[in-house]
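These notes are about the structure you will find just below.
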Number of protein chains: 2
Amino acid sequence: MISSIAELISDRIGTMPAGERRAAQTLIASYPLIGLKTVAEFSAAAGVSSPTILRFVARLGFQNYPEFQSALQDELAAQLQSPASRTLNPSSPNGGAVSPMLEATLDNLRETFRHLSDKQLADIVAKLADRRGKTFLIGGRFTDPLARYMAAHLAIVQPNVFHLAGQEGVWRDRLIDMGKRDVLVIFDIRRYQDSLVRFAETAHQRGVQIVLFTDQWLSPIARFARHVIAGRTAVPSAWDSSAALFVVAETLIGAVTRQLEADGAKRIRELESLR
Amino acid sequence: MISSIAELISDRIGTMPAGERRAAQTLIASYPLIGLKTVAEFSAAAGVSSPTILRFVARLGFQNYPEFQSALQDELAAQLQSPASRTLNPSSPNGGAVSPMLEATLDNLRETFRHLSDKQLADIVAKLADRRGKTFLIGGRFTDPLARYMAAHLAIVQPNVFHLAGQEGVWRDRLIDMGKRDVLVIFDIRRYQDSLVRFAETAHQRGVQIVLFTDQWLSPIARFARHVIAGRTAVPSAWDSSAALFVVAETLIGAVTRQLEADGAKRIRELESLR
DNA sequence: CAAAATACGTAATATACGATACAGCGCACC
DNA sequence: GGTGCGCTGTATCGTATATTACGTATTTTG
């Protein structure tokens, strides 16, 4: 059963030629607004010609463009009248593989943040935004990208941010640069990596403050960590999910940026002009 | 301060003549839909003539009817893109900086998946799980970690998965290895990177199938992409959020793994024993 | 590798839409 | 009760828009 035009499109998008597929993608991307504009605007946004747009709506089963627009408007009307129905697609074939994964992730996010106090985050933000010390980030086999992601952002709003990558020997040597005023952000979820644990322990002995992103079973590094963020990772998949940790990371990035706004804005402008 | 057109109307409705007032009331009653239809339909619904409608929009300060419609559409766009703003009431439960970010992300996830059909994902999964071709992954300045994350997982369940990193020249040279049976997964959100666009174009010309992860405004690469995943990125932060794309990536990883279960499980066991 | 079929864009055409001029009507004020 | 002003609708015009026909490019198939 196909009720919305969006479903109709995703149902047939596979059978469409390239141009019409681009039209479909453009419409879905900012659904349904572009479809309410004129054919010319729609075609320009999709980067195709007007006739392609018209062939696209014809393929969806509409006699002409106005009829297509009316259908979109009717759909919009129904949505606006009952905002609740917006939240969940009423007649979506959610038996598929999509929904369970999404639902589990949403739950994980809510749970993770429920156990996270504003104060705890504020403390971490204060530490990360403290420009007197350096910030190092490192991750495990699957979480290293999270460390990279966070480093890429933090490095823009403040100096002295370093992502530790490559061979173990390489970043072990960086320990020499770390001291009491520095922060080490570690991502470590199951299965916990010995090399990371050893690294964390040594850093801890040198007085480095450790911020640990881990799962709900807590990496052994928690022992040495000043701050521990425990994210939920369970999803219906062969793999654990790092989404909750990712979102916490983004939240911290945003908060640190706001904290450093005055200086940070200047840095960002400078960097922009360098490009 | 008047922000929405609805406010503007209720502000001036007192000073309007009878006919225009009927127009105003009709519009408010089923806001803003009737305003997106034609002047003729609007006038019929309000029970007045077309010129009255035009005088009505002129009184609101618009130069012409299309301009009025554009304003309505922009307003609608803002609403649809960040449903959070609707929920945003002054007496929010958590006053801290945590909640807005989480709420926005949850909305982004729901919105992103709402525009994703099982079928579309299934197509991508089938392509990624097709062992006859190679899989390349690459990302932009901030999204490269997402490419890494996905590559790290996919590389375990199947051979011939390559993350393209480092200098532009390095991965440009890898184009020589890419052909019709191969898949190129690209992550590209604003601000879109020219180097990536050029790379995608060349790969496309070589017949490589492109799977694009982008934001709702669609990277120019969408032009060359076989499959486009448009994630919502708006959050109350100085940065855009990649969380939605991250979760889609995790979903795909899980699905591909399940698809390759038979072979994949064997590979995973082998790899485990290698450690 | 050749040939046919399909898809796409350019340009011309028809249509429908918004805009405007003008006349009739009602209402208030004198 | 008459006169003037303002509001509204009818009819017409010009224009922007959707539509269609056709030639070219691209892909698919034998």
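Labeling convention for the structure tokens: chains A, B, ... as they appear, residues from 1 per chain, ligands from 1 in order of appearance.
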
Worksheet entry | Residues near segment 120-137 of chain B, cut-off 10 Å, only C-alpha atoms (C1' of nucleotides), skip fewer than 4 positions along chain, as a PyMOL selection string | (chain A and resi 10-14+96-98) or (chain B and resi 115-116+144+146-151+154-155+157-165+174-175+177-187+208-211+226-229+248+251-260)

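The shell of residues at most 10 Å from DT3 of chain D, with only C-alpha atoms (C1' of nucleotides) counted and near chain neighbours (fewer than 2 positions) removed, consists of DC29 and DC30 of chain C; DG1 and DC5 of chain D.
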
With a cut-off of 9 Å, could you pull out the residues of chain B touching chain D and give me the nearest pair of atoms for each, distance in Å to one decimal, using only C-alpha atoms (C1' of nucleotides), ordered by chain and ascending number, as JSON lines?
```
{"residue": "B:Pro17", "atom": "CA", "partner": "D:DC7", "partner_atom": "C1'", "distance": 7.4}
{"residue": "B:Ala18", "atom": "CA", "partner": "D:DC7", "partner_atom": "C1'", "distance": 8.5}
{"residue": "B:Gly19", "atom": "CA", "partner": "D:DT8", "partner_atom": "C1'", "distance": 7.7}
{"residue": "B:Val48", "atom": "CA", "partner": "D:DG9", "partner_atom": "C1'", "distance": 8.5}
{"residue": "B:Ser49", "atom": "CA", "partner": "D:DG9", "partner_atom": "C1'", "distance": 6.4}
{"residue": "B:Ser50", "atom": "CA", "partner": "D:DG9", "partner_atom": "C1'", "distance": 8.8}
{"residue": "B:Pro51", "atom": "CA", "partner": "D:DG9", "partner_atom": "C1'", "distance": 8.2}
{"residue": "B:Thr52", "atom": "CA", "partner": "D:DT8", "partner_atom": "C1'", "distance": 7.4}
```

Just to be explicit: take each residue in the selection above, keep N, CA, C and O atoms, and write the result as a tab-separated table (two decimals), in the first residue's frame.
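What ended up in part_17.tsv:
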```
chain	number	residue	atom	x	y	z
B	17	PRO	N	-10.69	46.16	4.92
B	17	PRO	CA	-12.08	46.15	4.49
B	17	PRO	C	-12.66	44.74	4.49
B	17	PRO	O	-11.91	43.76	4.52
B	18	ALA	N	-13.96	44.65	4.43
B	18	ALA	CA	-14.66	43.38	4.62
B	18	ALA	C	-14.14	42.25	3.73
B	18	ALA	O	-13.84	41.17	4.21
B	19	GLY	N	-14.03	42.53	2.45
B	19	GLY	CA	-13.63	41.48	1.51
B	19	GLY	C	-12.26	40.94	1.82
B	19	GLY	O	-12.05	39.72	1.87
B	48	VAL	N	-14.63	35.61	-2.48
B	48	VAL	CA	-14.44	36.96	-3.00
B	48	VAL	C	-13.85	36.88	-4.40
B	48	VAL	O	-13.64	35.78	-4.91
B	49	SER	N	-13.59	37.99	-5.00
B	49	SER	CA	-13.03	37.98	-6.35
B	49	SER	C	-11.51	38.02	-6.33
B	49	SER	O	-10.90	38.34	-5.31
B	50	SER	N	-10.91	37.68	-7.46
B	50	SER	CA	-9.46	37.64	-7.54
B	50	SER	C	-8.80	38.97	-7.17
B	50	SER	O	-7.84	38.97	-6.40
B	51	PRO	N	-9.26	40.06	-7.70
B	51	PRO	CA	-8.60	41.33	-7.36
B	51	PRO	C	-8.57	41.60	-5.86
B	51	PRO	O	-7.62	42.18	-5.35
B	52	THR	N	-9.60	41.15	-5.16
B	52	THR	CA	-9.61	41.36	-3.71
B	52	THR	C	-8.45	40.62	-3.07
B	52	THR	O	-7.77	41.13	-2.17
```

Practice prompt. Enumerate the residues of segment 57-226 of chain A with a DSSP assignment of helix (DSSP H, G or I), computed from the backbone, and present them as a PyMOL selection string.
Written response: chain A and resi 57-59+65-81+84-87+98-114+118-129+144-157+168-177+194-205+220-224

Worksheet item: Could you list, as number ranges by chain, every residue of chain C that has an atom within 12 Å of an atom of chain B, counting only C-alpha atoms (C1' of nucleotides)?
Response: C: 16-21

Could you dump the residues just selected with C-alpha atoms (C1' of nucleotides) as a PDB file, in the first residue's frame?
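Contents of out-v4.pdb, as written:
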```pdb
ATOM      1  C1'  DA C  16      -3.660  29.440 -17.680  1.00  0.00           C
ATOM      2  C1'  DC C  17      -2.520  32.683 -14.475  1.00  0.00           C
ATOM      3  C1'  DG C  18      -1.857  37.171 -12.335  1.00  0.00           C
ATOM      4  C1'  DA C  19      -2.425  41.993 -13.121  1.00  0.00           C
ATOM      5  C1'  DT C  20      -5.082  46.106 -14.342  1.00  0.00           C
ATOM      6  C1'  DA C  21      -8.599  49.241 -15.973  1.00  0.00           C
TER       7       DA C  21
END
```

Discussion item. Just list as an MDAnalysis selection string whatever in segment 92-185 of chain B DSSP marks as strand (DSSP E).
Written reply: chainID B and resid 135:139 161:163 183:185

Requested write-out: N, CA and C atoms of the selected residues, as a short mmCIF file (atom, residue, chain, number, x, y, z; two decimals), in the first residue's frame:
```cif
data_model
loop_
_atom_site.label_atom_id
_atom_site.label_comp_id
_atom_site.auth_asym_id
_atom_site.auth_seq_id
_atom_site.Cartn_x
_atom_site.Cartn_y
_atom_site.Cartn_z
N THR B 135 35.15 -1.76 -3.53
CA THR B 135 34.47 -0.65 -2.86
C THR B 135 35.48 0.38 -2.40
N PHE B 136 35.28 1.62 -2.85
CA PHE B 136 36.16 2.70 -2.41
C PHE B 136 35.35 3.68 -1.57
N LEU B 137 35.96 4.22 -0.54
CA LEU B 137 35.28 5.20 0.30
C LEU B 137 36.15 6.44 0.47
N ILE B 138 35.49 7.59 0.43
CA ILE B 138 36.23 8.83 0.61
C ILE B 138 35.31 9.88 1.21
N GLY B 139 35.89 10.80 1.96
CA GLY B 139 35.08 11.84 2.59
C GLY B 139 35.74 13.19 2.50
N VAL B 161 37.97 -3.60 -0.05
CA VAL B 161 37.40 -2.34 0.45
C VAL B 161 38.55 -1.39 0.72
N PHE B 162 38.48 -0.20 0.14
CA PHE B 162 39.61 0.73 0.25
C PHE B 162 39.16 2.11 0.67
N HIS B 163 39.78 2.61 1.70
CA HIS B 163 39.52 3.99 2.09
C HIS B 163 40.57 4.88 1.45
N VAL B 183 32.26 0.36 -6.77
CA VAL B 183 31.40 1.33 -6.09
C VAL B 183 32.27 2.35 -5.38
N LEU B 184 31.88 3.60 -5.48
CA LEU B 184 32.58 4.66 -4.77
C LEU B 184 31.61 5.33 -3.81
N VAL B 185 31.91 5.22 -2.53
CA VAL B 185 31.06 5.86 -1.52
C VAL B 185 31.69 7.19 -1.13
#
```

Worksheet entry | Atom pair atom CA of Ile53 of chain B / atom CA of Ile34 of chain A: separation (Å) | 24.2 Å

Worksheet entry | Pick from B:Ala6, B:Leu218, B:Ile156, B:Ala29, whichever lies nearest to chain A using only C-alpha atoms | B:Leu218

Worksheet item: From the set B:Asp188, B:Asp173, B:Glu201, B:Asp118, which residue has the shortest atom-to-atom contact distance to chain A, counting only C-alpha atoms?
Response: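 Closest to chain A, using only C-alpha atoms: B:Asp118.
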
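For the pair atom CA of Thr112 of chain A and atom CA of Ala244 of chain A, the interatomic distance is 6.7 Å.
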
Worksheet item: Can you list, as a PyMOL selection string, every protein, DNA or RNA residue that comes within 10 Å of Lys37 of chain B when you count only C-alpha atoms (C1' of nucleotides), leaving out same-chain residues fewer than 2 positions away?
Response: (chain A and resi 36+66+69-70+73) or (chain B and resi 32-35+39-43+69)

Can you write out the residues you just picked, keeping N, CA, C and O atoms, as a compact mmCIF listing (two decimals), in the first residue's frame?
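Result saved to again-v2.txt:
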```txt
# COMPACT_ATOMS: atom_id res chain seq x y z
N LEU A 36 6.47 22.33 -4.98
CA LEU A 36 5.41 23.32 -5.00
C LEU A 36 5.81 24.54 -5.83
O LEU A 36 4.99 25.39 -6.13
N PRO A 66 0.22 20.61 -12.52
CA PRO A 66 -0.68 21.12 -11.48
C PRO A 66 -1.32 20.00 -10.66
O PRO A 66 -1.46 20.12 -9.43
N GLN A 69 1.12 18.94 -8.16
CA GLN A 69 1.24 19.92 -7.09
C GLN A 69 0.07 19.85 -6.12
O GLN A 69 0.24 19.94 -4.91
N SER A 70 -1.11 19.64 -6.66
CA SER A 70 -2.28 19.53 -5.80
C SER A 70 -2.14 18.35 -4.85
O SER A 70 -2.45 18.43 -3.66
N GLN A 73 0.13 19.25 -2.12
CA GLN A 73 -0.52 20.16 -1.18
C GLN A 73 -1.49 19.44 -0.28
O GLN A 73 -1.58 19.71 0.92
N PRO B 32 -0.89 27.33 5.89
CA PRO B 32 -0.87 28.38 4.89
C PRO B 32 -1.29 27.84 3.53
O PRO B 32 -0.98 28.45 2.51
N LEU B 33 -1.96 26.73 3.54
CA LEU B 33 -2.12 26.00 2.29
C LEU B 33 -2.87 26.73 1.20
O LEU B 33 -2.46 26.70 0.03
N ILE B 34 -3.92 27.36 1.56
CA ILE B 34 -4.72 28.01 0.54
C ILE B 34 -3.92 29.12 -0.16
O ILE B 34 -4.15 29.42 -1.34
N GLY B 35 -2.96 29.64 0.56
CA GLY B 35 -2.13 30.70 0.00
C GLY B 35 -1.15 30.18 -1.04
O GLY B 35 -0.58 30.94 -1.81
N VAL B 39 -4.58 32.23 -7.34
CA VAL B 39 -5.43 33.33 -6.91
C VAL B 39 -6.90 32.95 -7.09
O VAL B 39 -7.74 33.23 -6.24
N ALA B 40 -7.19 32.29 -8.19
CA ALA B 40 -8.58 31.91 -8.47
C ALA B 40 -9.12 30.98 -7.39
O ALA B 40 -10.24 31.19 -6.88
N GLU B 41 -8.32 29.98 -7.01
CA GLU B 41 -8.78 29.04 -5.98
C GLU B 41 -8.93 29.73 -4.64
O GLU B 41 -9.89 29.48 -3.89
N PHE B 42 -7.96 30.56 -4.33
CA PHE B 42 -7.99 31.30 -3.08
C PHE B 42 -9.25 32.16 -3.02
O PHE B 42 -10.00 32.15 -2.03
N SER B 43 -9.51 32.87 -4.10
CA SER B 43 -10.66 33.77 -4.11
C SER B 43 -11.96 32.98 -4.00
O SER B 43 -12.89 33.39 -3.30
N GLN B 69 3.66 34.10 -2.21
CA GLN B 69 3.74 32.64 -2.14
C GLN B 69 5.13 32.18 -1.74
O GLN B 69 5.27 31.25 -0.94
```

I want to know what sits within 12 Å of Ala234 of chain A, based on only C-alpha atoms (C1' of nucleotides), with residues of the same chain fewer than 4 positions away left out; could you give that as a PDB file with C-alpha atoms, in the first residue's frame?
```pdb
ATOM      1  CA  PRO A 100      14.647  -1.484  14.197  1.00  0.00           C
ATOM      2  CA  MET A 101      18.078   0.011  13.717  1.00  0.00           C
ATOM      3  CA  LEU A 102      16.734   3.551  13.910  1.00  0.00           C
ATOM      4  CA  GLU A 103      14.564   2.864  16.923  1.00  0.00           C
ATOM      5  CA  ALA A 104      17.391   1.211  18.799  1.00  0.00           C
ATOM      6  CA  THR A 105      19.678   4.134  18.019  1.00  0.00           C
ATOM      7  CA  LEU A 106      17.106   6.659  19.186  1.00  0.00           C
ATOM      8  CA  ASP A 107      16.750   4.737  22.419  1.00  0.00           C
ATOM      9  CA  ASN A 108      20.491   4.588  22.844  1.00  0.00           C
ATOM     10  CA  LEU A 109      20.772   8.324  22.417  1.00  0.00           C
ATOM     11  CA  GLU A 111      19.462   6.632  27.463  1.00  0.00           C
ATOM     12  CA  THR A 112      22.993   7.879  27.046  1.00  0.00           C
ATOM     13  CA  ILE A 189      34.631   0.319  23.260  1.00  0.00           C
ATOM     14  CA  ARG A 190      34.548  -3.448  23.206  1.00  0.00           C
ATOM     15  CA  ASP A 215      30.372   1.745  26.203  1.00  0.00           C
ATOM     16  CA  GLN A 216      28.091   0.899  29.078  1.00  0.00           C
ATOM     17  CA  TRP A 217      30.384  -1.904  30.248  1.00  0.00           C
ATOM     18  CA  ALA A 238      26.373  -7.759  14.190  1.00  0.00           C
ATOM     19  CA  TRP A 239      28.248  -4.631  15.266  1.00  0.00           C
ATOM     20  CA  ASP A 240      27.971  -2.308  18.187  1.00  0.00           C
ATOM     21  CA  SER A 241      26.812   1.218  17.478  1.00  0.00           C
ATOM     22  CA  SER A 242      28.964   4.243  18.171  1.00  0.00           C
ATOM     23  CA  ALA A 243      26.204   6.669  17.307  1.00  0.00           C
ATOM     24  CA  ALA A 244      25.547   7.720  20.893  1.00  0.00           C
TER      25      ALA A 244
END
```

Response to the item:
Expressed in Å, the length from atom CA of Arg206 of chain B to atom CA of Gln193 of chain B is 20.3 Å
